[in-house]
>>> print(open('run.cif').read())   # mmCIF, C-alpha atoms and all ligand atoms
data_run
loop_
_atom_site.label_atom_id
_atom_site.label_comp_id
_atom_site.auth_asym_id
_atom_site.auth_seq_id
_atom_site.Cartn_x
_atom_site.Cartn_y
_atom_site.Cartn_z
CA MET A 1 143.41 8.66 120.57
CA THR A 2 147.10 9.30 121.31
CA ILE A 3 148.83 6.65 123.39
CA ASN A 4 151.87 7.80 125.33
CA LEU A 5 154.33 4.97 125.66
CA THR A 6 157.17 4.78 128.20
CA PRO A 7 160.63 4.13 126.67
CA GLU A 8 160.30 0.52 127.86
CA GLN A 9 156.89 0.08 126.19
CA LEU A 10 158.19 1.72 123.02
CA GLU A 11 161.15 -0.68 122.90
CA ILE A 12 158.84 -3.68 123.33
CA VAL A 13 156.29 -2.50 120.75
CA GLN A 14 159.01 -1.71 118.18
CA GLY A 15 160.43 -5.21 118.67
CA LEU A 16 157.01 -6.82 118.23
CA MET A 17 156.26 -4.84 115.07
CA GLN A 18 159.51 -5.70 113.30
CA THR A 19 159.86 -8.73 111.01
CA PRO A 20 160.89 -11.13 112.39
CA ALA A 21 159.54 -9.96 115.74
CA ALA A 22 162.00 -9.82 118.65
CA VAL A 23 161.92 -9.18 122.38
CA SER A 24 164.98 -8.44 124.53
CA PRO A 25 165.83 -11.33 126.90
CA LYS A 26 165.84 -8.84 129.77
CA TYR A 27 162.01 -9.14 129.72
CA PHE A 28 162.22 -12.79 130.80
CA TYR A 29 162.87 -11.54 134.31
CA ASP A 30 159.72 -10.71 136.18
CA ALA A 31 159.56 -12.39 139.62
CA LYS A 32 158.24 -15.62 138.06
CA GLY A 33 160.90 -15.56 135.33
CA SER A 34 163.66 -15.13 137.92
CA ALA A 35 162.28 -18.09 139.93
CA LEU A 36 162.04 -20.19 136.74
CA PHE A 37 165.65 -19.33 135.90
CA GLU A 38 166.65 -20.55 139.35
CA ASP A 39 164.84 -23.84 138.55
CA ILE A 40 166.72 -24.06 135.25
CA THR A 41 170.07 -23.81 137.04
CA ARG A 42 169.20 -27.04 138.92
CA LEU A 43 168.27 -29.05 135.80
CA PRO A 44 170.55 -31.97 134.90
CA GLU A 45 170.88 -30.65 131.33
CA TYR A 46 171.81 -27.08 132.36
CA TYR A 47 175.56 -27.40 132.78
CA PRO A 48 176.60 -23.66 132.87
CA THR A 49 175.75 -22.86 136.51
CA ARG A 50 177.22 -26.10 137.91
CA THR A 51 180.31 -25.86 135.72
CA GLU A 52 181.01 -22.22 136.57
CA GLN A 53 180.59 -22.92 140.29
CA ALA A 54 182.88 -25.97 140.02
CA ILE A 55 185.58 -23.87 138.29
CA MET A 56 185.27 -21.18 140.97
CA SER A 57 185.58 -23.72 143.77
CA GLU A 58 188.33 -25.84 142.21
CA HIS A 59 190.48 -22.79 141.50
CA ALA A 60 189.40 -20.79 144.55
CA PRO A 61 192.90 -20.21 145.97
CA ALA A 62 194.32 -19.03 142.62
CA ILE A 63 191.27 -16.84 141.94
CA ALA A 64 191.43 -15.30 145.41
CA GLN A 65 195.12 -14.59 145.05
CA ALA A 66 194.68 -13.05 141.62
CA ILE A 67 191.85 -10.77 142.84
CA GLY A 68 193.51 -9.71 146.08
CA THR A 69 191.95 -8.08 149.13
CA HIS A 70 189.92 -4.97 150.03
CA CYS A 71 187.79 -5.08 146.89
CA THR A 72 184.37 -3.64 146.29
CA VAL A 73 182.37 -6.18 144.27
CA ILE A 74 179.86 -4.85 141.72
CA GLU A 75 177.80 -7.78 140.46
CA LEU A 76 175.83 -7.33 137.24
CA GLY A 77 172.71 -9.49 136.79
CA ALA A 78 173.05 -10.77 140.35
CA GLY A 79 169.95 -13.01 140.31
CA ASN A 80 169.78 -15.00 143.55
CA CYS A 81 173.28 -13.76 144.60
CA GLN A 82 174.37 -17.37 145.13
CA LYS A 83 177.63 -16.95 143.23
CA ALA A 84 178.32 -13.67 145.07
CA ARG A 85 177.99 -15.50 148.38
CA ALA A 86 180.74 -17.92 147.44
CA LEU A 87 182.87 -15.09 146.06
CA CYS A 88 182.42 -12.91 149.16
CA GLU A 89 183.36 -15.83 151.43
CA LEU A 90 186.45 -16.31 149.29
CA ILE A 91 187.77 -12.76 148.93
CA GLN A 92 186.18 -10.97 151.93
CA PRO A 93 185.40 -7.73 150.09
CA ILE A 94 184.72 -4.41 151.82
CA GLY A 95 181.56 -3.71 149.79
CA TYR A 96 179.06 -5.42 147.51
CA VAL A 97 176.65 -3.89 144.97
CA ALA A 98 174.04 -6.17 143.39
CA VAL A 99 172.61 -4.89 140.09
CA ASP A 100 169.58 -6.61 138.59
CA ILE A 101 166.52 -5.64 136.57
CA SER A 102 164.21 -8.03 138.49
CA GLU A 103 163.46 -5.78 141.47
CA ALA A 104 161.46 -7.93 143.92
CA PHE A 105 163.70 -10.96 143.38
CA LEU A 106 166.79 -8.77 143.82
CA GLN A 107 165.52 -7.30 147.11
CA ASP A 108 164.91 -10.84 148.49
CA ALA A 109 168.34 -12.03 147.39
CA VAL A 110 170.07 -8.99 148.87
CA ALA A 111 168.19 -9.42 152.15
CA GLY A 112 169.77 -12.90 152.28
CA MET A 113 173.21 -11.40 151.60
CA ARG A 114 172.74 -8.88 154.43
CA LEU A 115 171.98 -11.73 156.86
CA ALA A 116 174.96 -13.76 155.65
CA PHE A 117 177.41 -10.82 155.67
CA PRO A 118 176.25 -8.44 158.44
CA ASN A 119 179.49 -6.43 158.36
CA LEU A 120 179.61 -5.91 154.61
CA ALA A 121 178.44 -2.61 153.04
CA ILE A 122 175.72 -3.88 150.68
CA HIS A 123 173.73 -1.97 148.06
CA ALA A 124 170.94 -3.18 145.74
CA LEU A 125 170.42 -1.41 142.40
CA ALA A 126 167.29 -2.43 140.51
CA VAL A 127 168.28 -1.03 137.11
CA ASP A 128 168.82 -2.08 133.51
CA LEU A 129 172.54 -2.69 133.11
CA THR A 130 172.32 -1.89 129.39
CA ALA A 131 171.46 1.70 130.35
CA SER A 132 174.09 3.67 132.26
CA VAL A 133 174.47 2.27 135.80
CA GLU A 134 174.65 5.02 138.45
CA LEU A 135 176.70 3.58 141.28
CA PRO A 136 176.20 4.94 144.83
CA ALA A 137 178.30 8.09 145.32
CA SER A 138 179.77 6.60 148.51
CA LEU A 139 181.25 3.63 146.64
CA PRO A 140 185.05 3.46 146.73
CA THR A 141 186.59 4.03 143.32
CA GLN A 142 189.71 2.00 144.10
CA ARG A 143 189.95 -1.79 143.86
CA ARG A 144 186.63 -2.41 142.24
CA LEU A 145 185.80 -5.90 140.99
CA VAL A 146 183.01 -6.07 138.41
CA PHE A 147 181.54 -9.58 138.65
CA TYR A 148 179.45 -10.77 135.67
CA PRO A 149 178.83 -14.51 136.03
CA GLY A 150 176.41 -16.86 134.28
CA SER A 151 177.67 -16.14 130.75
CA SER A 152 175.05 -13.41 130.46
CA ILE A 153 177.54 -11.60 128.20
CA GLY A 154 176.50 -14.24 125.63
CA ASN A 155 173.07 -12.60 125.36
CA PHE A 156 174.60 -9.70 123.44
CA ASP A 157 175.73 -9.68 119.81
CA PRO A 158 179.56 -9.43 119.72
CA PRO A 159 179.64 -5.66 118.94
CA GLN A 160 177.13 -4.99 121.77
CA ALA A 161 179.11 -7.30 124.06
CA GLN A 162 182.29 -5.40 123.31
CA ALA A 163 180.56 -2.07 124.00
CA LEU A 164 179.24 -3.45 127.30
CA LEU A 165 182.70 -4.73 128.30
CA SER A 166 184.12 -1.27 127.54
CA ARG A 167 181.47 0.25 129.83
CA MET A 168 182.47 -2.21 132.56
CA ARG A 169 186.09 -1.13 132.04
CA ALA A 170 184.97 2.48 132.54
CA LEU A 171 183.68 1.58 136.03
CA LEU A 172 187.24 0.58 136.98
CA GLN A 173 190.35 2.52 137.77
CA ASP A 174 193.63 0.92 136.69
CA ASP A 175 193.67 -1.16 139.90
CA GLY A 176 190.24 -2.71 139.18
CA ALA A 177 189.30 -5.98 137.48
CA LEU A 178 186.46 -7.82 135.79
CA LEU A 179 185.62 -11.42 136.79
CA ILE A 180 183.39 -12.86 134.09
CA GLY A 181 181.88 -16.25 133.23
CA VAL A 182 181.81 -17.27 129.55
CA ASP A 183 180.14 -20.26 127.98
CA LEU A 184 182.33 -22.00 125.38
CA VAL A 185 181.65 -23.68 122.04
CA LYS A 186 180.89 -27.37 122.50
CA ASP A 187 178.96 -30.32 121.06
CA SER A 188 175.65 -28.99 119.78
CA ALA A 189 173.68 -31.88 121.39
CA VAL A 190 174.87 -30.70 124.82
CA LEU A 191 173.82 -27.14 123.95
CA HIS A 192 170.41 -28.20 122.61
CA ALA A 193 169.61 -30.20 125.74
CA ALA A 194 170.63 -27.30 127.99
CA TYR A 195 168.15 -24.95 126.28
CA ASP A 196 165.35 -27.46 125.66
CA ASP A 197 165.24 -29.61 128.79
CA ALA A 198 163.11 -32.73 129.12
CA ALA A 199 161.04 -31.32 132.00
CA GLY A 200 160.04 -28.28 129.95
CA ILE A 201 161.24 -25.68 132.45
CA THR A 202 163.12 -23.69 129.80
CA ALA A 203 159.95 -23.76 127.70
CA ASP A 204 157.97 -22.33 130.64
CA PHE A 205 160.69 -19.68 131.14
CA ASN A 206 160.59 -18.68 127.46
CA LEU A 207 156.77 -18.61 127.33
CA ASN A 208 156.53 -16.60 130.55
CA VAL A 209 157.93 -13.58 128.71
CA LEU A 210 154.49 -13.27 127.06
CA ASN A 211 152.76 -12.92 130.45
CA HIS A 212 155.32 -10.28 131.39
CA LEU A 213 154.68 -8.40 128.12
CA ASN A 214 150.93 -8.54 128.78
CA ARG A 215 151.54 -6.66 132.02
CA LEU A 216 154.10 -4.24 130.56
CA ILE A 217 152.21 -3.14 127.43
CA GLY A 218 148.66 -4.38 128.10
CA SER A 219 148.79 -6.98 125.31
CA ASP A 220 146.60 -10.08 125.10
CA PHE A 221 149.15 -12.80 124.31
CA ASP A 222 147.67 -16.26 124.95
CA VAL A 223 150.59 -18.43 126.05
CA THR A 224 148.84 -21.62 124.89
CA GLN A 225 149.05 -20.39 121.27
CA TRP A 226 152.86 -20.37 121.35
CA GLN A 227 155.59 -22.98 121.35
CA HIS A 228 159.15 -22.88 122.73
CA LEU A 229 161.91 -23.38 120.15
CA ALA A 230 165.67 -23.54 120.82
CA PHE A 231 168.49 -24.50 118.46
CA PHE A 232 172.20 -23.95 117.90
CA ASN A 233 173.01 -21.63 115.00
CA ALA A 234 176.54 -22.88 114.19
CA GLU A 235 177.28 -20.11 111.70
CA GLN A 236 176.69 -17.46 114.37
CA SER A 237 177.97 -19.66 117.23
CA ARG A 238 174.85 -19.03 119.27
CA ILE A 239 171.88 -20.77 120.78
CA GLU A 240 168.71 -19.06 119.62
CA MET A 241 165.44 -19.18 121.52
CA HIS A 242 162.21 -18.28 119.80
CA LEU A 243 158.49 -18.51 120.43
CA GLN A 244 156.62 -19.92 117.46
CA ALA A 245 152.92 -19.33 116.77
CA ARG A 246 150.97 -22.63 116.84
CA VAL A 247 148.08 -21.10 114.83
CA ASP A 248 147.31 -17.96 112.82
CA LEU A 249 146.62 -15.35 115.48
CA VAL A 250 146.40 -11.64 116.27
CA VAL A 251 147.91 -9.99 119.34
CA ARG A 252 146.36 -6.70 120.43
CA TRP A 253 147.54 -4.01 122.81
CA PRO A 254 146.34 -0.41 123.36
CA GLY A 255 146.92 1.49 120.15
CA ALA A 256 148.04 -1.37 117.87
CA SER A 257 147.96 -5.06 116.98
CA ARG A 258 150.10 -7.57 115.12
CA ALA A 259 149.03 -10.62 113.16
CA PHE A 260 151.27 -13.71 113.30
CA ALA A 261 150.87 -16.54 110.81
CA ARG A 262 151.15 -20.13 112.08
CA GLY A 263 154.87 -20.93 112.36
CA GLU A 264 155.92 -17.27 112.61
CA ARG A 265 158.37 -16.56 115.40
CA ILE A 266 159.32 -14.04 118.04
CA HIS A 267 163.08 -14.13 118.68
CA THR A 268 163.52 -14.03 122.46
CA GLU A 269 167.19 -14.81 123.16
CA ASN A 270 170.62 -15.37 121.72
CA SER A 271 173.28 -17.04 123.79
CA TYR A 272 176.65 -16.76 122.07
CA LYS A 273 179.24 -19.46 122.69
CA TYR A 274 182.85 -18.32 122.50
CA ARG A 275 186.29 -19.79 121.93
CA VAL A 276 188.55 -18.67 124.77
CA GLU A 277 190.99 -16.91 122.42
CA ASP A 278 188.20 -14.93 120.73
CA PHE A 279 186.76 -13.81 124.06
CA VAL A 280 190.19 -12.81 125.36
CA GLU A 281 190.69 -10.77 122.19
CA MET A 282 187.33 -9.05 122.76
CA LEU A 283 188.43 -8.18 126.30
CA ARG A 284 191.69 -6.77 124.93
CA ARG A 285 189.78 -4.57 122.49
CA SER A 286 187.59 -3.41 125.40
CA GLY A 287 190.59 -2.11 127.35
CA LEU A 288 191.09 -5.23 129.49
CA PRO A 289 194.22 -6.82 128.00
CA HIS A 290 195.62 -8.65 131.06
CA THR A 291 193.71 -11.89 131.49
CA GLN A 292 193.85 -15.06 133.55
CA VAL A 293 191.57 -17.89 132.44
CA TRP A 294 190.31 -20.89 134.39
CA THR A 295 188.27 -23.66 132.73
CA ASP A 296 186.82 -27.06 133.61
CA ALA A 297 188.44 -30.29 132.35
CA LYS A 298 185.99 -30.54 129.41
CA ARG A 299 186.55 -26.87 128.51
CA TRP A 300 182.80 -26.25 128.52
CA PHE A 301 182.98 -22.96 130.43
CA ALA A 302 185.58 -20.34 131.33
CA VAL A 303 185.98 -17.94 134.22
CA VAL A 304 188.17 -15.01 133.21
CA LEU A 305 189.80 -12.33 135.36
CA ALA A 306 190.59 -9.35 133.15
CA ARG A 307 192.48 -6.19 134.11
CA PRO A 308 193.22 -2.89 132.35
C1 LIG B 401 171.06 -15.75 133.23
S1 LIG B 401 170.59 -14.96 134.72
C2 LIG B 401 172.08 -15.12 135.68
C3 LIG B 401 171.85 -14.99 137.17
C4 LIG B 401 173.09 -15.19 138.02
N1 LIG B 401 174.06 -14.13 137.81
C5 LIG B 401 173.73 -16.52 137.70
O1 LIG B 401 174.83 -16.52 137.19
O2 LIG B 401 173.12 -17.55 138.00
C6 LIG B 401 170.61 -13.27 134.25
C7 LIG B 401 170.35 -12.30 135.36
O3 LIG B 401 170.57 -10.98 134.87
C8 LIG B 401 169.41 -10.18 135.10
N2 LIG B 401 169.30 -9.31 133.93
C9 LIG B 401 168.99 -9.66 132.67
N3 LIG B 401 169.02 -8.60 131.86
C10 LIG B 401 169.35 -7.53 132.64
C11 LIG B 401 169.53 -6.16 132.39
N4 LIG B 401 169.40 -5.64 131.15
N5 LIG B 401 169.85 -5.35 133.43
C12 LIG B 401 170.00 -5.85 134.69
N6 LIG B 401 169.83 -7.16 134.99
C13 LIG B 401 169.52 -7.99 133.97
C14 LIG B 401 168.27 -11.13 135.25
O4 LIG B 401 167.23 -10.58 136.04
C15 LIG B 401 168.94 -12.35 135.89
O5 LIG B 401 168.94 -12.26 137.29
#
>>> encode(input="run.cif", output="structure tokens", more="lines below")
Ligand SMILES: C[S@@+](CC[C@H](N)C(=O)[O-])C[C@H]1O[C@@H](n2cnc3c(N)ncnc32)[C@H](O)[C@@H]1O
Amino acid sequence: MTINLTPEQLEIVQGLMQTPAAVSPKYFYDAKGSALFEDITRLPEYYPTRTEQAIMSEHAPAIAQAIGTHCTVIELGAGNCQKARALCELIQPIGYVAVDISEAFLQDAVAGMRLAFPNLAIHALAVDLTASVELPASLPTQRRLVFYPGSSIGNFDPPQAQALLSRMRALLQDDGALLIGVDLVKDSAVLHAAYDDAAGITADFNLNVLNHLNRLIGSDFDVTQWQHLAFFNAEQSRIEMHLQARVDLVVRWPGASRAFARGERIHTENSYKYRVEDFVEMLRRSGLPHTQVWTDAKRWFAVVLARP
């Protein structure tokens, strides 16, 4: 029997069949995964969201002045659009495009934005930002601001991150800018706690990817057979999240199966932590050499405005 796989299914199956197995973190985000991520942002251990928001509010006048007026904001990985709300109140843009892979969650969030900003031209694009993003033809090409908060850039290996930043640059004319949040290198105990919280919400978020895969490829992952694992890999300057098999097991899906020995892992996420100077250099190599950087007092997180 021949099984025709969609490109998405093929990507997932190829990742599961490799050794060690891996799944892209974009598959965390079904509706439940998006809601769990929202819960994570409220955890005491999860400093990135709070710290980024505090930087944005403490430096609001300087950020607003640096961005200027009459922008069209294109937010990548918009999630619940909470950070866009604050930004739109601050800079009063003329348009807003929310891009996110998690379609139902995105539509809800954008409905909230439409209520909050009835006079703003708002678009929702439920697409994978790692593929080419087709912006609405009506979107102004001048004064675009690509907004990529949450340090999601850290989910990409540095060469992939640089390629993605170059693609963001390509969305901008010379009068455009990128406003991006970046998580910085810090004490590994702080990092561990942020990705392995006491209440187990990050564990639920990590494990939920298996339920999502079951729906996407028809697999029979049993979540109870897997364990959440998160640690800081200092050599690579990244948090790694994995799912580790609790027992010897076999996962089946139409057309194939994969045996996992007890202790074997599926790599589900990297979250790279940068030094400001290294990230600024990456922006420069991506065609965005003019940067302004704002950080918190502990230098745990940075918000960077980068221009061509
Ligand atoms: C870490 S959350 C950040 C959410 C929000 N921007 C924030 O800062 O709180 C990542 C967001 O990006 C979305 N996302 C992840 N991978 C994506 C992809 N490849 N294409 C589009 N959206 C993606 C997720 O659905 C999620 O809403």
>>> atom_distance(input="run.cif", atom1="atom CA of A:Leu243", atom2="atom CA of A:Phe221")
11.6 Å
>>> closest_atom_pairs(input="run.cif", of="chain A", to="ligand LIG 401 (chain B)", cutoff="6 Å", atoms="all atoms listed in the file", output="JSON lines")
{"residue": "A:Lys26", "atom": "CA", "partner": "B:LIG401", "partner_atom": "N3", "distance": 3.8}
{"residue": "A:Tyr29", "atom": "CA", "partner": "B:LIG401", "partner_atom": "O4", "distance": 4.8}
{"residue": "A:Gly77", "atom": "CA", "partner": "B:LIG401", "partner_atom": "O3", "distance": 3.2}
{"residue": "A:Ala78", "atom": "CA", "partner": "B:LIG401", "partner_atom": "N1", "distance": 4.3}
{"residue": "A:Gly79", "atom": "CA", "partner": "B:LIG401", "partner_atom": "O5", "distance": 3.3}
{"residue": "A:Asp100", "atom": "CA", "partner": "B:LIG401", "partner_atom": "N6", "distance": 3.7}
{"residue": "A:Ile101", "atom": "CA", "partner": "B:LIG401", "partner_atom": "C12", "distance": 4.0}
{"residue": "A:Ser102", "atom": "CA", "partner": "B:LIG401", "partner_atom": "O4", "distance": 4.7}
{"residue": "A:Val127", "atom": "CA", "partner": "B:LIG401", "partner_atom": "C12", "distance": 5.7}
{"residue": "A:Asp128", "atom": "CA", "partner": "B:LIG401", "partner_atom": "N5", "distance": 3.4}
{"residue": "A:Leu129", "atom": "CA", "partner": "B:LIG401", "partner_atom": "N5", "distance": 3.8}
{"residue": "A:Thr130", "atom": "CA", "partner": "B:LIG401", "partner_atom": "N4", "distance": 5.1}
{"residue": "A:Pro149", "atom": "CA", "partner": "B:LIG401", "partner_atom": "O1", "distance": 4.6}
{"residue": "A:Gly150", "atom": "CA", "partner": "B:LIG401", "partner_atom": "O1", "distance": 3.3}
{"residue": "A:Ser152", "atom": "CA", "partner": "B:LIG401", "partner_atom": "C1", "distance": 5.4}
>>> residues_around(input="run.cif", residues="stretch 244-254 of chain A", least_positions_apart="4", cutoff="9 Å", atoms="only C-alpha atoms", output="ChimeraX atom specification")
/A:3,214,217-222,224-229,258-267
>>> write_last_selection(input="run.cif", atoms="C-alpha atoms", output="mmCIF file, keeping the file's coordinate frame")
data_model
loop_
_atom_site.group_PDB
_atom_site.id
_atom_site.type_symbol
_atom_site.label_atom_id
_atom_site.label_comp_id
_atom_site.auth_asym_id
_atom_site.auth_seq_id
_atom_site.Cartn_x
_atom_site.Cartn_y
_atom_site.Cartn_z
ATOM 1 C CA ILE A 3 148.830 6.650 123.390
ATOM 2 C CA ASN A 214 150.930 -8.540 128.780
ATOM 3 C CA ILE A 217 152.210 -3.140 127.430
ATOM 4 C CA GLY A 218 148.660 -4.380 128.100
ATOM 5 C CA SER A 219 148.790 -6.980 125.310
ATOM 6 C CA ASP A 220 146.600 -10.080 125.100
ATOM 7 C CA PHE A 221 149.150 -12.800 124.310
ATOM 8 C CA ASP A 222 147.670 -16.260 124.950
ATOM 9 C CA THR A 224 148.840 -21.620 124.890
ATOM 10 C CA GLN A 225 149.050 -20.390 121.270
ATOM 11 C CA TRP A 226 152.860 -20.370 121.350
ATOM 12 C CA GLN A 227 155.590 -22.980 121.350
ATOM 13 C CA HIS A 228 159.150 -22.880 122.730
ATOM 14 C CA LEU A 229 161.910 -23.380 120.150
ATOM 15 C CA ARG A 258 150.100 -7.570 115.120
ATOM 16 C CA ALA A 259 149.030 -10.620 113.160
ATOM 17 C CA PHE A 260 151.270 -13.710 113.300
ATOM 18 C CA ALA A 261 150.870 -16.540 110.810
ATOM 19 C CA ARG A 262 151.150 -20.130 112.080
ATOM 20 C CA GLY A 263 154.870 -20.930 112.360
ATOM 21 C CA GLU A 264 155.920 -17.270 112.610
ATOM 22 C CA ARG A 265 158.370 -16.560 115.400
ATOM 23 C CA ILE A 266 159.320 -14.040 118.040
ATOM 24 C CA HIS A 267 163.080 -14.130 118.680
#
>>> residues_near_point(input="run.cif", point="(178.6, -9.9, 143.3)", cutoff="8 Å", atoms="all atoms listed in the file", output="list in words")
Val73, Ile74, Glu75, Leu76, Ala78, Cys81, Lys83, Ala84, Arg85, Leu87, Cys88, Tyr96, Val97, Ala98, Val146, Phe147 and Tyr148 of chain A
>>> write_last_selection(input="run.cif", atoms="C-alpha atoms", output="PDB file, in the coordinates of the input")
ATOM      1  CA  VAL A  73     182.370  -6.180 144.270  1.00  0.00           C
ATOM      2  CA  ILE A  74     179.860  -4.850 141.720  1.00  0.00           C
ATOM      3  CA  GLU A  75     177.800  -7.780 140.460  1.00  0.00           C
ATOM      4  CA  LEU A  76     175.830  -7.330 137.240  1.00  0.00           C
ATOM      5  CA  ALA A  78     173.050 -10.770 140.350  1.00  0.00           C
ATOM      6  CA  CYS A  81     173.280 -13.760 144.600  1.00  0.00           C
ATOM      7  CA  LYS A  83     177.630 -16.950 143.230  1.00  0.00           C
ATOM      8  CA  ALA A  84     178.320 -13.670 145.070  1.00  0.00           C
ATOM      9  CA  ARG A  85     177.990 -15.500 148.380  1.00  0.00           C
ATOM     10  CA  LEU A  87     182.870 -15.090 146.060  1.00  0.00           C
ATOM     11  CA  CYS A  88     182.420 -12.910 149.160  1.00  0.00           C
ATOM     12  CA  TYR A  96     179.060  -5.420 147.510  1.00  0.00           C
ATOM     13  CA  VAL A  97     176.650  -3.890 144.970  1.00  0.00           C
ATOM     14  CA  ALA A  98     174.040  -6.170 143.390  1.00  0.00           C
ATOM     15  CA  VAL A 146     183.010  -6.070 138.410  1.00  0.00           C
ATOM     16  CA  PHE A 147     181.540  -9.580 138.650  1.00  0.00           C
ATOM     17  CA  TYR A 148     179.450 -10.770 135.670  1.00  0.00           C
TER      18      TYR A 148
END
>>> closest_residue(input="run.cif", among="A:Leu216, A:Ala109, A:Ile63, A:Leu5", to="A:Ser34", atoms="all atoms listed in the file")
A:Ala109
>>> residues_around(input="run.cif", residues="A:Ser151", least_positions_apart="6", cutoff="7 Å", atoms="only C-alpha atoms", output="mmCIF file with C-alpha atoms, keeping the file's coordinate frame")
data_model
loop_
_atom_site.group_PDB
_atom_site.id
_atom_site.type_symbol
_atom_site.label_atom_id
_atom_site.label_comp_id
_atom_site.auth_asym_id
_atom_site.auth_seq_id
_atom_site.Cartn_x
_atom_site.Cartn_y
_atom_site.Cartn_z
ATOM 1 C CA GLY A 181 181.880 -16.250 133.230
ATOM 2 C CA VAL A 182 181.810 -17.270 129.550
ATOM 3 C CA ASP A 183 180.140 -20.260 127.980
#
>>> closest_residue(input="run.cif", among="A:Leu213, A:Ala124, A:Ile153, A:Ala104", to="A:Phe279", atoms="all atoms listed in the file")
A:Ile153
>>> atom_distance(input="run.cif", atom1="atom CA of A:Phe205", atom2="atom CA of A:Asp39")
9.5 Å
>>> closest_residue(input="run.cif", among="A:Thr268, A:Gln160, A:Glu45, A:Gln9", to="A:Ala198", atoms="all atoms listed in the file")
A:Glu45
>>> residues_near_point(input="run.cif", point="(194.7, -12.5, 138.1)", cutoff="7 Å", atoms="all atoms listed in the file", output="list in words")
Ile63, Ala66, Ile67, Thr291, Gln292 and Leu305 of chain A
>>> atom_distance(input="run.cif", atom1="atom CA of A:Gly176", atom2="atom CA of A:Arg143")
4.8 Å
>>> closest_residue(input="run.cif", among="A:Ala194, A:Ala234, A:Ala64, A:Met241", to="A:Tyr46", atoms="all atoms listed in the file")
A:Ala194
>>> decode(input="run.cif", residues="stretch 140-177 of chain A", atoms="C-alpha atoms", output="PDB file, in the first residue's frame")
ATOM      1  CA  PRO A 140       2.141  49.344   2.378  1.00  0.00           C
ATOM      2  CA  THR A 141       5.761  48.661   1.505  1.00  0.00           C
ATOM      3  CA  GLN A 142       7.036  51.782   3.257  1.00  0.00           C
ATOM      4  CA  ARG A 143       7.727  52.051   6.992  1.00  0.00           C
ATOM      5  CA  ARG A 144       7.266  48.425   7.853  1.00  0.00           C
ATOM      6  CA  LEU A 145       8.163  47.222  11.339  1.00  0.00           C
ATOM      7  CA  VAL A 146       8.743  43.484  11.660  1.00  0.00           C
ATOM      8  CA  PHE A 147       8.059  42.590  15.304  1.00  0.00           C
ATOM      9  CA  TYR A 148       9.458  39.254  16.551  1.00  0.00           C
ATOM     10  CA  PRO A 149       9.172  39.149  20.340  1.00  0.00           C
ATOM     11  CA  GLY A 150       9.478  36.293  22.833  1.00  0.00           C
ATOM     12  CA  SER A 151      13.028  35.304  21.828  1.00  0.00           C
ATOM     13  CA  SER A 152      11.555  32.834  19.354  1.00  0.00           C
ATOM     14  CA  ILE A 153      14.633  33.517  17.206  1.00  0.00           C
ATOM     15  CA  GLY A 154      16.426  31.352  19.814  1.00  0.00           C
ATOM     16  CA  ASN A 155      14.574  28.286  18.501  1.00  0.00           C
ATOM     17  CA  PHE A 156      16.742  28.312  15.381  1.00  0.00           C
ATOM     18  CA  ASP A 157      20.364  27.193  15.079  1.00  0.00           C
ATOM     19  CA  PRO A 158      22.553  30.281  14.459  1.00  0.00           C
ATOM     20  CA  PRO A 159      22.887  29.707  10.659  1.00  0.00           C
ATOM     21  CA  GLN A 160      19.095  29.196  10.367  1.00  0.00           C
ATOM     22  CA  ALA A 161      18.517  32.246  12.585  1.00  0.00           C
ATOM     23  CA  GLN A 162      20.737  34.349  10.354  1.00  0.00           C
ATOM     24  CA  ALA A 163      18.894  33.132   7.243  1.00  0.00           C
ATOM     25  CA  LEU A 164      15.565  33.978   8.899  1.00  0.00           C
ATOM     26  CA  LEU A 165      16.789  37.458   9.885  1.00  0.00           C
ATOM     27  CA  SER A 166      17.887  38.013   6.263  1.00  0.00           C
ATOM     28  CA  ARG A 167      14.378  37.039   5.126  1.00  0.00           C
ATOM     29  CA  MET A 168      12.917  39.534   7.595  1.00  0.00           C
ATOM     30  CA  ARG A 169      15.260  42.162   6.154  1.00  0.00           C
ATOM     31  CA  ALA A 170      13.890  41.331   2.696  1.00  0.00           C
ATOM     32  CA  LEU A 171      10.371  42.283   3.877  1.00  0.00           C
ATOM     33  CA  LEU A 172      11.663  45.807   4.575  1.00  0.00           C
ATOM     34  CA  GLN A 173      12.568  48.718   2.375  1.00  0.00           C
ATOM     35  CA  ASP A 174      15.437  50.893   3.600  1.00  0.00           C
ATOM     36  CA  ASP A 175      13.007  52.848   5.816  1.00  0.00           C
ATOM     37  CA  GLY A 176      11.834  49.701   7.658  1.00  0.00           C
ATOM     38  CA  ALA A 177      13.014  48.141  10.917  1.00  0.00           C
TER      39      ALA A 177
END
